[in-house]
Amino acid sequence: MNLESPNVLKMLASTRLAEGLTHQELQSLGRTARFMEVPAGHILFREGEREDDVFLVFTGHVKISMKVPGRGDVTILTAGPGDLVGWSGCISDGIMTATATTTDVGRLIALSGKQLKQACDEDPQLGYVLMKRMAQVISRRLTSTRIQLLDLFSERGGTP
């Protein structure tokens with residue numbers, strides 16, 4: 001836990017990610033965390049680059065965009081308070097599949113993917129809870145992507 005930001009643990013405790021965690025599990029999660037205050041337009045990570053951190057949006061919004069041939073950068077999602085972005089840093093090789101940019105001043109909690117994986121390995125119950133929550137995030141993103149695809153194809157008047 002970043003000692004310069006003594007409220008990180010309190011901030012974490014108030015989020016959906018930490019909901020239902022024991023005090024010990026919350027402490028373990030807190031040891032992976034650091035507070036960030038970032039301006040609008042701050043790039044958290046870029047598509048195709050490696051990133052270890054997983055970001056929990058506390059305040060503000062983060063635009064998730066991808067490069068689309070012939071269309072340039074396309075926003076696929078805007079994450080807000082309580083949302084996780086950059087989960088690839090925790091559950092895969094850390095190669096980002098999109099770019100994340102703050103749209104306004106934001107307060108975030110950066111969780112080290114490496115330290116988070118280690119905490120989950122050391123405490124399988126914590127790992128189970130956190131991976132369940134990340135699976136929920138991934139599921140919501142998949143649903144959002146499907147809806148966007150339906151919109152895309154309805155604009156063209158065709159079907160996939």
# chains A, B, ... in the order shown; residues from 1 in each chain; ligands from 1
>>> select_by_dssp(residues="chain A", states="strand (DSSP E)", output="PyMOL selection string")
chain A and resi 33-38+43-45+53-59+62-68+72-79+84-85+99-102+106-112
>>> residues_around(residues="A:Met11", least_positions_apart="5", cutoff="10 Å", atoms="only C-alpha atoms", output="PyMOL selection string")
chain A and resi 6+18+30+35+58+108-109
>>> closest_residue(among="A:Pro69, A:Gly127, A:Gly48, A:Gly113", to="A:Gly89", atoms="only C-alpha atoms")
A:Gly113
>>> atom_distance(atom1="atom CA of A:Gln118", atom2="atom CA of A:Ser139")
23.8 Å
>>> closest_residue(among="A:Ala79, A:Gly70, A:Val57, A:Arg50", to="A:Thr97", atoms="only C-alpha atoms")
A:Arg50
>>> closest_residue(among="A:Leu29, A:Ala135, A:Leu149, A:Leu9", to="A:Leu111", atoms="only C-alpha atoms")
A:Leu29
>>> atom_distance(atom1="atom CA of A:Ser88", atom2="atom CA of A:Arg140")
15.1 Å
>>> atom_distance(atom1="atom CA of A:Ala110", atom2="atom CA of A:Leu142")
23.0 Å
>>> closest_residue(among="A:Ile76, A:Met131, A:Leu126, A:Leu21", to="A:Cys90", atoms="only C-alpha atoms")
A:Met131
>>> residues_around(residues="A:Thr75", least_positions_apart="2", cutoff="6 Å", atoms="only C-alpha atoms", output="list in words")
Ile64, Ser65 and Leu77 of chain A
